[in-house]
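Trainee: As input, take target-v9.json (JSON, C-alpha atoms):
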```json
[["chain", "number", "residue", "atom", "x", "y", "z"],
["A", 958, "MET", "CA", 128.27, 95.85, 105.10],
["A", 959, "LYS", "CA", 126.20, 98.31, 103.08],
["A", 960, "LEU", "CA", 123.63, 100.86, 104.18],
["A", 961, "TYR", "CA", 120.05, 100.73, 102.99],
["A", 962, "VAL", "CA", 118.82, 104.34, 102.72],
["A", 963, "TYR", "CA", 115.17, 105.27, 103.35],
["A", 964, "CYS", "CA", 115.01, 109.05, 103.48],
["A", 965, "LEU", "CA", 116.70, 112.31, 104.31],
["A", 966, "VAL", "CA", 115.65, 115.02, 106.79],
["A", 967, "ASP", "CA", 117.11, 118.11, 108.46],
["A", 968, "ASN", "CA", 119.33, 116.97, 111.28],
["A", 969, "THR", "CA", 117.43, 119.26, 113.67],
["A", 970, "GLN", "CA", 114.30, 117.13, 113.43],
["A", 971, "THR", "CA", 113.01, 114.79, 116.11],
["A", 972, "LEU", "CA", 112.42, 111.36, 114.64],
["A", 973, "PRO", "CA", 110.47, 108.32, 115.81],
["A", 974, "GLU", "CA", 112.40, 105.86, 117.98],
["A", 975, "SER", "CA", 112.69, 102.09, 117.51],
["A", 976, "LEU", "CA", 111.80, 101.96, 113.84],
["A", 977, "HIS", "CA", 112.34, 98.66, 112.06],
["A", 978, "GLY", "CA", 112.88, 98.57, 108.32],
["A", 979, "ILE", "CA", 113.79, 96.08, 105.58],
["A", 980, "LEU", "CA", 114.18, 92.51, 106.95],
["A", 981, "GLY", "CA", 113.16, 93.81, 110.38],
["A", 982, "VAL", "CA", 116.54, 95.50, 110.95],
["A", 983, "LEU", "CA", 116.61, 98.49, 113.31],
["A", 984, "VAL", "CA", 116.62, 101.84, 111.50],
["A", 985, "ARG", "CA", 119.22, 104.35, 112.70],
["A", 986, "ARG", "CA", 120.04, 107.95, 112.05],
["A", 987, "LEU", "CA", 123.25, 108.85, 110.24],
["A", 988, "GLU", "CA", 124.19, 112.53, 110.36],
["A", 989, "ILE", "CA", 126.23, 113.97, 107.51],
["A", 990, "GLY", "CA", 126.66, 117.75, 107.37],
["A", 991, "ASP", "CA", 123.32, 119.48, 107.87],
["A", 992, "PHE", "CA", 121.36, 116.36, 107.05],
["A", 993, "SER", "CA", 120.23, 113.15, 108.69],
["A", 994, "PHE", "CA", 119.74, 109.96, 106.73],
["A", 995, "LEU", "CA", 117.58, 107.13, 108.01],
["A", 996, "VAL", "CA", 119.46, 103.94, 107.22],
["A", 997, "SER", "CA", 119.69, 100.31, 108.25],
["A", 998, "ASP", "CA", 122.55, 97.84, 107.86],
["A", 999, "PHE", "CA", 122.26, 95.51, 104.90],
["A", 1000, "SER", "CA", 124.60, 92.59, 104.21],
["A", 1001, "ASP", "CA", 123.44, 91.36, 100.77],
["A", 1002, "ARG", "CA", 124.36, 92.88, 97.41],
["A", 1003, "THR", "CA", 120.81, 93.38, 96.19],
["A", 1004, "VAL", "CA", 117.42, 94.09, 97.74],
["A", 1005, "PRO", "CA", 114.71, 91.57, 96.83],
["A", 1006, "VAL", "CA", 111.55, 93.24, 95.54],
["A", 1007, "THR", "CA", 108.96, 91.60, 97.70],
["A", 1008, "ARG", "CA", 105.69, 92.85, 99.06],
["A", 1009, "GLU", "CA", 107.15, 92.83, 102.61],
["A", 1010, "ASN", "CA", 110.26, 94.79, 101.65],
["A", 1011, "ALA", "CA", 108.35, 97.39, 99.65],
["A", 1012, "LEU", "CA", 105.90, 97.90, 102.50],
["A", 1013, "ALA", "CA", 108.74, 98.08, 105.07],
["A", 1014, "HIS", "CA", 110.44, 100.80, 103.01],
["A", 1015, "ALA", "CA", 107.19, 102.77, 102.75],
["A", 1016, "ALA", "CA", 106.37, 102.27, 106.45],
["A", 1017, "VAL", "CA", 109.65, 103.83, 107.65],
["A", 1018, "ILE", "CA", 109.09, 106.88, 105.46],
["A", 1019, "GLN", "CA", 105.45, 107.13, 106.53],
["A", 1020, "SER", "CA", 106.49, 107.06, 110.21],
["A", 1021, "VAL", "CA", 108.85, 109.97, 109.64],
["A", 1022, "LEU", "CA", 106.10, 111.88, 107.83],
["A", 1023, "LYS", "CA", 104.21, 112.04, 111.12],
["A", 1024, "GLU", "CA", 107.03, 114.19, 112.53],
["A", 1025, "THR", "CA", 108.40, 116.09, 109.56],
["A", 1026, "THR", "CA", 108.53, 116.11, 105.75],
["A", 1027, "PRO", "CA", 111.31, 113.76, 104.58],
["A", 1028, "LEU", "CA", 112.86, 113.45, 101.13],
["A", 1029, "PRO", "CA", 112.32, 109.77, 100.33],
["A", 1030, "PHE", "CA", 114.88, 107.66, 98.49],
["A", 1031, "ARG", "CA", 113.76, 105.18, 95.87],
["A", 1032, "PHE", "CA", 113.36, 101.55, 96.93],
["A", 1033, "GLY", "CA", 116.61, 99.60, 96.74],
["A", 1034, "THR", "CA", 119.13, 102.37, 97.47],
["A", 1035, "LEU", "CA", 122.24, 100.62, 98.83],
["A", 1036, "VAL", "CA", 125.39, 102.61, 99.49],
["A", 1037, "ASN", "CA", 128.45, 102.72, 101.74],
["A", 1038, "GLY", "CA", 129.20, 105.61, 104.11],
["A", 1039, "GLN", "CA", 131.71, 107.20, 101.73],
["A", 1040, "GLN", "CA", 129.23, 107.24, 98.84],
["A", 1041, "LEU", "CA", 126.68, 108.97, 101.06],
["A", 1042, "GLU", "CA", 129.23, 111.59, 102.13],
["A", 1043, "ASN", "CA", 130.15, 112.22, 98.48],
["A", 1044, "TYR", "CA", 126.47, 112.52, 97.64],
["A", 1045, "VAL", "CA", 125.95, 115.19, 100.31],
["A", 1046, "SER", "CA", 129.09, 117.15, 99.47],
["A", 1047, "ALA", "CA", 128.16, 117.25, 95.76],
["A", 1048, "ARG", "CA", 124.51, 118.14, 96.34],
["A", 1049, "SER", "CA", 124.19, 119.92, 99.67],
["A", 1050, "GLU", "CA", 122.78, 123.14, 98.19],
["A", 1051, "ALA", "CA", 120.29, 121.29, 95.99],
["A", 1052, "LEU", "CA", 119.21, 119.07, 98.90],
["A", 1053, "ARG", "CA", 118.77, 122.06, 101.22],
["A", 1054, "SER", "CA", 116.72, 123.85, 98.60],
["A", 1055, "LYS", "CA", 114.61, 120.74, 97.97],
["A", 1056, "LEU", "CA", 113.94, 120.24, 101.70],
["A", 1057, "GLU", "CA", 112.90, 123.89, 101.99],
["A", 1058, "GLN", "CA", 110.56, 123.48, 99.03],
["A", 1059, "VAL", "CA", 108.67, 120.52, 100.56],
["A", 1060, "ARG", "CA", 108.77, 121.63, 104.21],
["A", 1061, "GLY", "CA", 105.38, 121.32, 105.89],
["A", 1062, "CYS", "CA", 103.88, 119.59, 102.86],
["A", 1063, "VAL", "CA", 102.67, 116.17, 101.78],
["A", 1064, "GLU", "CA", 101.97, 114.63, 98.39],
["A", 1065, "MET", "CA", 98.42, 113.83, 97.28],
["A", 1066, "ASN", "CA", 97.84, 111.85, 94.09],
["A", 1067, "VAL", "CA", 94.92, 111.76, 91.69],
["A", 1068, "LYS", "CA", 94.53, 109.26, 88.87],
["A", 1069, "ILE", "CA", 91.70, 109.66, 86.37],
["A", 1070, "ILE", "CA", 90.32, 106.71, 84.44],
["A", 1071, "SER", "CA", 87.92, 106.59, 81.49],
["A", 1072, "ASP", "CA", 85.99, 103.50, 80.39],
["A", 1073, "ARG", "CA", 85.24, 104.98, 76.99],
["A", 1074, "ASP", "CA", 86.25, 103.16, 73.81],
["A", 1075, "TRP", "CA", 87.93, 105.79, 71.66],
["A", 1076, "MET", "CA", 87.66, 103.95, 68.32],
["A", 1077, "GLU", "CA", 84.45, 104.61, 66.45],
["A", 1078, "GLU", "CA", 82.44, 101.67, 65.13],
["A", 1079, "PRO", "CA", 83.08, 100.95, 61.42],
["A", 1080, "GLN", "CA", 80.42, 102.11, 59.00],
["A", 1081, "ALA", "CA", 78.47, 99.50, 57.03],
["A", 1082, "SER", "CA", 80.34, 100.37, 53.81],
["A", 1083, "GLU", "CA", 83.68, 99.75, 55.58],
["A", 1084, "THR", "CA", 82.72, 96.29, 56.82],
["A", 1085, "GLN", "CA", 81.86, 95.24, 53.27],
["A", 1086, "ALA", "CA", 85.03, 96.73, 51.73],
["A", 1087, "LYS", "CA", 87.88, 94.72, 50.18],
["A", 1088, "PRO", "CA", 90.59, 93.56, 52.67],
["A", 1089, "GLY", "CA", 93.06, 96.32, 51.73],
["A", 1090, "THR", "CA", 90.46, 99.07, 52.07],
["A", 1091, "ALA", "CA", 89.14, 97.58, 55.31],
["A", 1092, "PHE", "CA", 92.68, 97.51, 56.72],
["A", 1093, "LEU", "CA", 93.26, 101.17, 55.85],
["A", 1094, "SER", "CA", 89.87, 102.13, 57.30],
["A", 1095, "GLU", "CA", 90.73, 100.30, 60.52],
["A", 1096, "LYS", "CA", 94.08, 102.13, 60.72],
["A", 1097, "ARG", "CA", 92.35, 105.45, 60.10],
["A", 1098, "ARG", "CA", 89.87, 104.79, 62.90],
["A", 1099, "GLU", "CA", 92.74, 103.83, 65.22],
["A", 1100, "ILE", "CA", 94.59, 107.06, 64.49],
["A", 1101, "LEU", "CA", 91.48, 109.22, 64.90],
["A", 1102, "GLY", "CA", 90.61, 107.38, 68.13],
["A", 1103, "GLY", "CA", 94.14, 107.98, 69.48],
["A", 1104, "GLU", "CA", 93.92, 111.67, 68.62],
["A", 1105, "ALA", "CA", 90.52, 112.01, 70.28],
["A", 1106, "ARG", "CA", 91.82, 110.24, 73.39],
["A", 1107, "ALA", "CA", 94.94, 112.47, 73.57],
["A", 1108, "ALA", "CA", 92.81, 115.61, 73.19],
["A", 1109, "ARG", "CA", 90.45, 114.46, 75.96],
["A", 1110, "ALA", "CA", 93.35, 113.57, 78.27],
["A", 1111, "LYS", "CA", 94.87, 117.01, 77.76],
["A", 1112, "GLN", "CA", 91.52, 118.68, 78.43],
["A", 1113, "VAL", "CA", 90.96, 116.62, 81.61],
["A", 1114, "ALA", "CA", 94.48, 117.42, 82.83],
["A", 1115, "GLU", "CA", 93.90, 121.16, 82.39],
["A", 1116, "TRP", "CA", 90.51, 120.91, 84.08],
["A", 1117, "LEU", "CA", 91.96, 119.03, 87.08],
["A", 1118, "LYS", "CA", 94.78, 121.56, 87.38],
["A", 1119, "ASP", "CA", 92.25, 124.39, 87.56],
["A", 1120, "GLN", "CA", 90.14, 122.56, 90.16],
["A", 1121, "VAL", "CA", 92.98, 122.16, 92.66],
["A", 1122, "ALA", "CA", 95.09, 125.20, 91.78],
["A", 1123, "PRO", "CA", 94.00, 127.26, 94.82],
["A", 1124, "VAL", "CA", 95.31, 124.63, 97.28],
["A", 1125, "ALA", "CA", 98.24, 123.03, 95.41],
["A", 1126, "LYS", "CA", 101.68, 124.46, 96.07],
["A", 1127, "GLN", "CA", 103.02, 122.49, 93.11],
["A", 1128, "THR", "CA", 101.49, 120.10, 90.61],
["A", 1129, "GLN", "CA", 102.93, 117.47, 88.29],
["A", 1130, "ILE", "CA", 100.39, 116.28, 85.76],
["A", 1131, "GLU", "CA", 101.03, 113.64, 83.16],
["A", 1132, "THR", "CA", 98.69, 112.52, 80.40],
["A", 1133, "LEU", "CA", 99.12, 108.88, 79.44],
["A", 1134, "PRO", "CA", 99.27, 107.90, 75.76],
["A", 1135, "THR", "CA", 97.40, 104.59, 75.87],
["A", 1136, "GLY", "CA", 95.13, 102.54, 78.13],
["A", 1137, "LYS", "CA", 92.18, 103.51, 80.27],
["A", 1138, "MET", "CA", 94.07, 105.85, 82.56],
["A", 1139, "LEU", "CA", 93.98, 109.34, 81.08],
["A", 1140, "VAL", "CA", 95.78, 111.40, 83.70],
["A", 1141, "THR", "CA", 98.02, 110.87, 86.70],
["A", 1142, "ALA", "CA", 98.75, 113.87, 88.92],
["A", 1143, "ALA", "CA", 100.86, 114.50, 92.01],
["A", 1144, "HIS", "CA", 100.18, 117.57, 94.15],
["A", 1145, "LEU", "CA", 102.31, 119.13, 96.84],
["A", 1146, "ILE", "CA", 99.91, 120.25, 99.57],
["A", 1147, "GLU", "CA", 100.56, 122.01, 102.87],
["A", 1148, "TYR", "CA", 99.62, 119.84, 105.90],
["A", 1149, "GLU", "CA", 96.80, 122.09, 106.99],
["A", 1150, "ARG", "CA", 95.22, 122.20, 103.52],
["A", 1151, "VAL", "CA", 94.91, 118.44, 102.91],
["A", 1152, "GLU", "CA", 91.22, 118.31, 103.89],
["A", 1153, "GLU", "CA", 90.50, 121.26, 101.64],
["A", 1154, "PHE", "CA", 92.27, 119.45, 98.81],
["A", 1155, "ARG", "CA", 90.21, 116.29, 99.39],
["A", 1156, "LYS", "CA", 87.04, 118.33, 99.40],
["A", 1157, "ARG", "CA", 87.94, 119.99, 96.10],
["A", 1158, "VAL", "CA", 88.67, 116.63, 94.45],
["A", 1159, "THR", "CA", 85.39, 115.19, 95.77],
["A", 1160, "GLU", "CA", 83.50, 118.17, 94.33],
["A", 1161, "ALA", "CA", 85.34, 117.76, 91.04],
["A", 1162, "ARG", "CA", 84.35, 114.07, 90.87],
["A", 1163, "HIS", "CA", 80.71, 115.06, 91.07],
["A", 1164, "GLN", "CA", 81.15, 117.31, 88.03],
["A", 1165, "ARG", "CA", 82.57, 114.49, 85.91],
["A", 1166, "VAL", "CA", 80.51, 111.37, 86.41],
["A", 1167, "ASP", "CA", 81.86, 109.99, 83.11],
["A", 1168, "LEU", "CA", 85.28, 109.57, 84.72],
["A", 1169, "HIS", "CA", 86.61, 107.43, 87.59],
["A", 1170, "PHE", "CA", 88.88, 109.02, 90.17],
["A", 1171, "LEU", "CA", 91.48, 107.44, 92.42],
["A", 1172, "LEU", "CA", 92.71, 109.74, 95.18],
["A", 1173, "SER", "CA", 95.50, 108.60, 97.48],
["A", 1174, "GLY", "CA", 97.58, 110.18, 100.20],
["A", 1175, "PRO", "CA", 99.02, 111.74, 102.17],
["A", 1176, "TRP", "CA", 102.41, 110.52, 100.97],
["A", 1177, "ALA", "CA", 105.91, 111.81, 101.59],
["A", 1178, "PRO", "CA", 106.81, 113.95, 98.56],
["A", 1179, "TYR", "CA", 108.12, 111.05, 96.42],
["A", 1180, "SER", "CA", 107.23, 112.80, 93.15],
["A", 1181, "PHE", "CA", 108.85, 116.06, 94.21],
["A", 1182, "ALA", "CA", 112.16, 114.61, 95.42],
["A", 1183, "HIS", "CA", 113.60, 114.28, 91.93],
["A", 1184, "MET", "CA", 116.58, 116.50, 91.14],
["A", 1185, "ASP", "CA", 117.79, 117.29, 87.61],
["A", 1186, "LEU", "CA", 121.33, 117.01, 88.83],
["A", 1187, "GLU", "CA", 120.91, 113.26, 89.25],
["A", 1188, "PHE", "CA", 120.11, 112.77, 85.60],
["A", 1189, "GLU", "CA", 123.15, 114.79, 84.61],
["A", 1190, "THR", "CA", 125.33, 112.63, 86.82],
["A", 1191, "HIS", "CA", 123.72, 109.47, 85.52],
["A", 1192, "PHE", "CA", 124.63, 110.38, 81.96],
["A", 1193, "GLY", "CA", 128.09, 111.57, 82.94],
["A", 1194, "VAL", "CA", 127.48, 115.26, 82.20],
["A", 1195, "SER", "CA", 128.42, 116.76, 85.55],
["B", 27, "MET", "CA", 95.35, 116.17, 110.82],
["B", 28, "SER", "CA", 95.32, 112.42, 110.36],
["B", 29, "PHE", "CA", 98.16, 110.78, 108.48],
["B", 30, "GLU", "CA", 96.24, 107.63, 107.78],
["B", 31, "GLN", "CA", 96.46, 107.09, 104.06],
["B", 32, "ILE", "CA", 93.25, 106.83, 102.17],
["B", 33, "ILE", "CA", 92.03, 105.65, 98.82],
["B", 34, "VAL", "CA", 88.93, 107.69, 98.08],
["B", 35, "SER", "CA", 87.47, 105.29, 95.55],
["B", 36, "GLY", "CA", 86.25, 102.98, 98.33],
["B", 37, "ASN", "CA", 85.92, 102.40, 102.06],
["B", 38, "GLY", "CA", 89.14, 100.38, 102.30],
["B", 39, "ASP", "CA", 87.68, 97.25, 103.81],
["B", 40, "SER", "CA", 87.67, 94.86, 100.86],
["B", 41, "LEU", "CA", 90.55, 92.73, 99.65],
["B", 42, "GLU", "CA", 90.53, 94.59, 96.34],
["B", 43, "GLU", "CA", 90.93, 97.93, 98.03],
["B", 44, "GLN", "CA", 93.80, 96.66, 100.14],
["B", 45, "GLU", "CA", 95.38, 95.52, 96.89],
["B", 46, "LEU", "CA", 94.78, 98.96, 95.41],
["B", 47, "SER", "CA", 96.52, 100.53, 98.37],
["B", 48, "LEU", "CA", 99.48, 98.17, 97.88],
["B", 49, "LEU", "CA", 99.68, 99.09, 94.20],
["B", 50, "GLU", "CA", 99.74, 102.77, 95.04],
["B", 51, "THR", "CA", 102.53, 102.11, 97.55],
["B", 52, "LEU", "CA", 104.53, 100.16, 94.96],
["B", 53, "ASP", "CA", 104.01, 102.90, 92.41],
["B", 54, "HIS", "CA", 105.57, 105.38, 94.83],
["B", 55, "VAL", "CA", 108.47, 103.37, 96.24],
["B", 56, "LEU", "CA", 109.56, 101.72, 92.97],
["B", 57, "ASN", "CA", 109.12, 104.62, 90.56],
["B", 58, "ARG", "CA", 109.75, 107.79, 92.55],
["B", 59, "GLY", "CA", 112.09, 109.33, 95.08],
["B", 60, "LEU", "CA", 115.71, 110.42, 95.30],
["B", 61, "VAL", "CA", 118.24, 108.34, 93.40],
["B", 62, "ILE", "CA", 121.93, 108.07, 94.08],
["B", 63, "ALA", "CA", 123.03, 107.41, 90.51],
["B", 64, "GLY", "CA", 123.75, 103.76, 89.87],
["B", 65, "GLU", "CA", 122.91, 102.63, 93.39],
["B", 66, "ILE", "CA", 119.50, 101.04, 92.91],
["B", 67, "THR", "CA", 120.19, 97.35, 93.37],
["B", 68, "ILE", "CA", 116.95, 95.43, 93.42],
["B", 69, "ALA", "CA", 116.60, 91.74, 92.70],
["B", 70, "VAL", "CA", 113.88, 89.74, 91.03],
["B", 71, "ALA", "CA", 112.66, 87.74, 93.99],
["B", 72, "ASP", "CA", 109.06, 87.47, 92.92],
["B", 73, "ILE", "CA", 108.30, 87.57, 89.21],
["B", 74, "ASP", "CA", 104.68, 88.51, 89.71],
["B", 75, "LEU", "CA", 105.57, 91.44, 91.90],
["B", 76, "ILE", "CA", 108.22, 92.73, 89.53],
["B", 77, "PHE", "CA", 105.70, 92.52, 86.71],
["B", 78, "LEU", "CA", 103.25, 94.33, 88.93],
["B", 79, "GLY", "CA", 105.83, 97.00, 89.71],
["B", 80, "LEU", "CA", 106.75, 97.68, 86.11],
["B", 81, "ASN", "CA", 103.11, 97.78, 85.07],
["B", 82, "VAL", "CA", 101.79, 99.29, 88.23],
["B", 83, "MET", "CA", 99.78, 101.99, 86.52],
["B", 84, "LEU", "CA", 97.91, 99.50, 84.37],
["B", 85, "SER", "CA", 97.42, 97.15, 87.30],
["B", 86, "SER", "CA", 96.05, 100.00, 89.39],
["B", 87, "VAL", "CA", 93.48, 100.78, 86.75],
["B", 88, "GLU", "CA", 92.35, 97.19, 86.46],
["B", 89, "THR", "CA", 92.07, 96.84, 90.22],
["B", 90, "ALA", "CA", 90.28, 100.16, 90.49],
["B", 91, "GLN", "CA", 87.76, 99.09, 87.90],
["B", 92, "GLN", "CA", 87.18, 95.81, 89.71],
["B", 93, "VAL", "CA", 86.44, 97.73, 92.91],
["B", 94, "LEU", "CA", 84.08, 100.05, 91.07],
["B", 95, "ARG", "CA", 82.28, 97.13, 89.41],
["B", 96, "GLU", "CA", 81.84, 95.35, 92.76],
["B", 97, "ARG", "CA", 80.44, 98.46, 94.33],
["B", 98, "GLN", "CA", 78.02, 98.95, 91.47],
["B", 99, "LYS", "CA", 76.82, 95.33, 91.87],
["B", 100, "LYS", "CA", 76.23, 95.92, 95.59],
["B", 101, "SER", "CA", 74.18, 99.04, 94.92],
["B", 102, "GLU", "CA", 71.95, 97.26, 92.35]]
```
Could you render the structure as C-alpha cells?

Mentor:
Amino acid sequence: MKLYVYCLVDNTQTLPESLHGILGVLVRRLEIGDFSFLVSDFSDRTVPVTRENALAHAAVIQSVLKETTPLPFRFGTLVNGQQLENYVSARSEALRSKLEQVRGCVEMNVKIISDRDWMEEPQASETQAKPGTAFLSEKRREILGGEARAARAKQVAEWLKDQVAPVAKQTQIETLPTGKMLVTAAHLIEYERVEEFRKRVTEARHQRVDLHFLLSGPWAPYSFAHMDLEFETHFGVS
Amino acid sequence: MSFEQIIVSGNGDSLEEQELSLLETLDHVLNRGLVIAGEITIAVADIDLIFLGLNVMLSSVETAQQVLRERQKKSE
C-alpha cells in the first residue's frame, strides 16, 4: 500500500476534518518531525490523470488553504512511509525555510494574452518576387515578427511587475516564446492584501485595452513550492 | 477574506468559464508543486485530458478567447 501525498504543513496547525481525496479515500494526517503531511492510502501503482482525480487533489489542498498556507505536492506523488521520512530528514531545513517564506500568503496568477499578428504583411514587390526571393522574404518577416513579439512580451512583463510590486511579496514572471500568450506570472500575496492585488490588476487592465488578462486565485503557493535541491537530487548531484 | 477562487475574465457562470477554471486547476496541479524526485507516477487514463494537461497554457488561451468573443457578442 502506497501513500498519495497532497501537501505539507507545520504540525502545529489545525486542519479540516473528514476530508476525502483521490478516489474518495479519507485523507489523514501523517506527522514526521516538525511537519504534517496530508496523505491517503493508495493501492495502485499509478494515478490516473482524470478530471475527477485532478480536482480531488486540488480540493484537498484548497480546503487546507482555508486554515493555513500549505506547501502543495505535484499531482501523482506516490511514496511509502520510509521514502517520506527520508525526504524530511534530507530536506528539513529547506522545508522549514520554505514554509516560513509562504506563511500567511496565497498565490495569485495573471496571464496576459495578445491577439496581435506579429508578422507584417508582405509588400507588393515581395508577392511578385521569384520563389527563392519570396521564401527568404517570408523568413525575414517571420524573424522580425518573432523579435517584435519577444520585445513586447518583455516590456509587458516589466510593466506588470511594476504595477503589482507594492503588494507582491514575490513574483515569478515568464515571457512565452510563441503563441498568443505573452506573459504568465505568479505572485505571492499576503492574505490581507489579496483584494488590493485584485484592484491593482483591474486598474492595470484598464490601462492596456489592447491586451486580454486572465486573473486567477487565490491558490496555495504551487509556484513557490519548488526547491532547487530537488533538481540536484533528480540529476544525481547531491 | 473569501477563499472562493475567481477567474476575473468573466462572471463564472458559463460552461466556458467553468472549463477555464478547470484548465487553471490542471495547470497548477500537473505542472507545479513539490516533487519527491522520481515519485510522480501518473497514468494516461484519458488521452484528451493528458493532451490538455501538457498543452494547458495554449488551451487556456483558446478557451479565454472563446469566453471573450462570447461576451463581446452579447454586448453587441

Trainee: How far is it from CA of Val1121 (chain A) to CA of Arg1162 (chain A), in Å with one decimal?

Mentor: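 Spanning CA of Val1121 (chain A) to CA of Arg1162 (chain A) is a straight-line distance of 12.0 Å.
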
Trainee: For a quick test of understanding: name the residues of chain A lying within 9 Å of chain B when counting all atoms listed in the file, and present them as a ChimeraX atom specification.

Mentor: /A:964,1002-1008,1011-1012,1014-1015,1019,1022-1023,1028-1036,1040-1041,1044,1068,1070,1072,1136-1138,1148-1149,1151-1152,1155,1159,1169-1176,1178-1184,1187-1188,1190-1191

Trainee: Quick one: contact table of region 990-1044 of chain A to region 976-986 of chain A, 8 Å max, nearest atom pair and distance in Å to one decimal per residue, counting all atoms listed in the file, chain and number order, as JSON lines?

Mentor:
```
{"residue": "A:Ser993", "atom": "CA", "partner": "A:Arg986", "partner_atom": "CA", "distance": 6.2}
{"residue": "A:Phe994", "atom": "CA", "partner": "A:Arg986", "partner_atom": "CA", "distance": 5.7}
{"residue": "A:Leu995", "atom": "CA", "partner": "A:Arg986", "partner_atom": "CA", "distance": 4.8}
{"residue": "A:Val996", "atom": "CA", "partner": "A:Arg985", "partner_atom": "CA", "distance": 5.5}
{"residue": "A:Ser997", "atom": "CA", "partner": "A:Val984", "partner_atom": "CA", "distance": 4.7}
{"residue": "A:Asp998", "atom": "CA", "partner": "A:Val982", "partner_atom": "CA", "distance": 7.2}
{"residue": "A:Glu1009", "atom": "CA", "partner": "A:Ile979", "partner_atom": "CA", "distance": 8.0}
{"residue": "A:Asn1010", "atom": "CA", "partner": "A:Ile979", "partner_atom": "CA", "distance": 5.4}
{"residue": "A:Ala1013", "atom": "CA", "partner": "A:Gly978", "partner_atom": "CA", "distance": 5.3}
{"residue": "A:His1014", "atom": "CA", "partner": "A:Gly978", "partner_atom": "CA", "distance": 6.3}
{"residue": "A:Ala1016", "atom": "CA", "partner": "A:Gly978", "partner_atom": "CA", "distance": 7.7}
{"residue": "A:Val1017", "atom": "CA", "partner": "A:Gly978", "partner_atom": "CA", "distance": 6.2}
```

Trainee: Please produce an output containing C-alpha atoms for each residue in the selection, written as a PDB file, keeping the file's coordinate frame.

Mentor:
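Final output, saved to selection_22.pdb:
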```pdb
ATOM      1  CA  SER A 993     120.230 113.150 108.690  1.00  0.00           C
ATOM      2  CA  PHE A 994     119.740 109.960 106.730  1.00  0.00           C
ATOM      3  CA  LEU A 995     117.580 107.130 108.010  1.00  0.00           C
ATOM      4  CA  VAL A 996     119.460 103.940 107.220  1.00  0.00           C
ATOM      5  CA  SER A 997     119.690 100.310 108.250  1.00  0.00           C
ATOM      6  CA  ASP A 998     122.550  97.840 107.860  1.00  0.00           C
ATOM      7  CA  GLU A1009     107.150  92.830 102.610  1.00  0.00           C
ATOM      8  CA  ASN A1010     110.260  94.790 101.650  1.00  0.00           C
ATOM      9  CA  ALA A1013     108.740  98.080 105.070  1.00  0.00           C
ATOM     10  CA  HIS A1014     110.440 100.800 103.010  1.00  0.00           C
ATOM     11  CA  ALA A1016     106.370 102.270 106.450  1.00  0.00           C
ATOM     12  CA  VAL A1017     109.650 103.830 107.650  1.00  0.00           C
TER      13      VAL A1017
END
```

Trainee: One decimal, in Å: what's the spacing between CA of Val1158 (chain A) and CA of Thr1025 (chain A)?

Mentor: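 Between CA of Val1158 (chain A) and CA of Thr1025 (chain A) the gap works out to 24.9 Å.
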
Trainee: For the atom pair CA of Asp1167 (chain A) and CA of Glu1115 (chain A), what is the interatomic distance in Å to one decimal place?

Mentor: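 Answer for the CA of Asp1167 (chain A) to CA of Glu1115 (chain A) separation: 16.4 Å.
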
Trainee: At most 8 Å from (82.5, 110.8, 81.3), file frame, only C-alpha atoms: which residues, as a tab-separated table (two decimals) with C-alpha atoms, keeping the file's coordinate frame?

Mentor:
```tsv
chain	number	residue	atom	x	y	z
A	1071	SER	CA	87.92	106.59	81.49
A	1073	ARG	CA	85.24	104.98	76.99
A	1165	ARG	CA	82.57	114.49	85.91
A	1166	VAL	CA	80.51	111.37	86.41
A	1167	ASP	CA	81.86	109.99	83.11
A	1168	LEU	CA	85.28	109.57	84.72
```
